[in-house]
Amino acid sequence: MPAFINVNRSILLGTAWTGAVAPGAMGSAALSNTGTLTSAQDISAFVKSGNPSVSVATQDTTTFGSGGFTQVIPGLRNGDSITFECLSDFAASQLYPIVQTTLGGLAAAVFLDIKATNAARGVTNPSFVAFGFISAWTPAMGSVGDAAMASLTVTISGRFGDITG
């Protein structure tokens, strides 16, 4: 049984971060600070889906003695990419100008701050924060008669931080 239902996830993107060490910036691993975005752009109102994930590469250690089964060990971890499926909007102060102008468009460096709700960060509402760059941006897509959609992909550099304070 689910513990909560997604109804008001907070998704912030920005170009600057306060605090001693930014989350994952340029490969940094120190994520214990309680910094925040200083140029927060809330795109929650446009996003229909987007989930932070982490994966691990596997290294094959199969030998002749493995009995015909593949054996693996964990290798490097990856913050992966996160793709936000959004409702498209080109009006002033809406999704298109936020991504294209305020954040800098394709290849722009951005910080993410994703929370389950728009309430303050805490133990029951942690922030998943990361540094990355906009690696794919499709501002308008869809079929005739469908809602206009957009797709925004951020490729993570380093890892997601889990901040509760």
# chains A, B, ... in the order shown; residues from 1 in each chain; ligands from 1

$ residues_around --residues "stretch 70-75 of chain A" --least-positions-apart "2" --cutoff "10 Å" --atoms "only C-alpha atoms" --output "JSON, numbers by chain"
{"A": [55, 56, 57, 58, 59, 60, 61, 62, 63, 66, 67, 68, 77, 78]}

$ write_last_selection --atoms "C-alpha atoms" --output "short mmCIF file (atom, residue, chain, number, x, y, z; two decimals), in the first residue's frame"
data_model
loop_
_atom_site.label_atom_id
_atom_site.label_comp_id
_atom_site.auth_asym_id
_atom_site.auth_seq_id
_atom_site.Cartn_x
_atom_site.Cartn_y
_atom_site.Cartn_z
CA SER A 55 21.91 3.17 -11.06
CA VAL A 56 25.10 1.18 -10.74
CA ALA A 57 27.20 -0.27 -13.53
CA THR A 58 28.12 -3.90 -13.11
CA GLN A 59 31.53 -5.41 -13.69
CA ASP A 60 31.64 -8.95 -15.03
CA THR A 61 33.63 -11.32 -12.81
CA THR A 62 32.51 -14.54 -14.48
CA THR A 63 35.09 -17.33 -14.35
CA SER A 66 31.02 -19.98 -12.00
CA GLY A 67 29.03 -23.05 -13.00
CA GLY A 68 27.67 -21.55 -16.21
CA ARG A 77 27.29 4.57 -9.54
CA ASN A 78 25.51 7.01 -11.82
#

$ select_by_dssp --residues "chain A" --states "strand (DSSP E)" --output "ChimeraX atom specification"
/A:10-14,41-42,47-49,55-60,72-78,81-87,109-115,127-141,149-163

$ residues_around --residues "A:Gln94" --least-positions-apart "3" --cutoff "12 Å" --atoms "only C-alpha atoms" --output "list in words"
Gln41, Asp42, Ile43, Ser44, Ala45, Phe46, Val47, Cys86, Leu87, Ser88, Asp89, Phe90, Ala91, Pro97, Ile98, Val99, Gln100, Thr101, Thr102 and Pro139 of chain A

$ atom_distance --atom1 "atom CA of A:Val123" --atom2 "atom CA of A:Gly165"
7.4 Å

$ atom_distance --atom1 "atom CA of A:Gly132" --atom2 "atom CA of A:Ala92"
25.2 Å

$ atom_distance --atom1 "atom CA of A:Asn8" --atom2 "atom CA of A:Thr117"
5.2 Å

$ select_by_dssp --residues "stretch 71-156 of chain A" --states "helix (DSSP H, G or I)" --output "JSON, numbers by chain"
{"A": [95, 96, 97, 98, 99, 100, 101, 102]}

$ write_last_selection --atoms "C-alpha atoms" --output "PDB file, in the first residue's frame"
ATOM      1  CA  LEU A  95       7.940  26.949 -19.272  1.00  0.00           C
ATOM      2  CA  TYR A  96       9.528  27.899 -22.619  1.00  0.00           C
ATOM      3  CA  PRO A  97      11.006  31.251 -21.503  1.00  0.00           C
ATOM      4  CA  ILE A  98      12.080  29.733 -18.154  1.00  0.00           C
ATOM      5  CA  VAL A  99      14.085  26.970 -19.850  1.00  0.00           C
ATOM      6  CA  GLN A 100      15.253  28.934 -22.891  1.00  0.00           C
ATOM      7  CA  THR A 101      16.117  32.280 -21.306  1.00  0.00           C
ATOM      8  CA  THR A 102      16.295  32.113 -17.510  1.00  0.00           C
TER       9      THR A 102
END

$ closest_residue --among "A:Val129, A:Leu112, A:Ile134, A:Ala107" --to "A:Thr155" --atoms "only C-alpha atoms"
A:Ile134
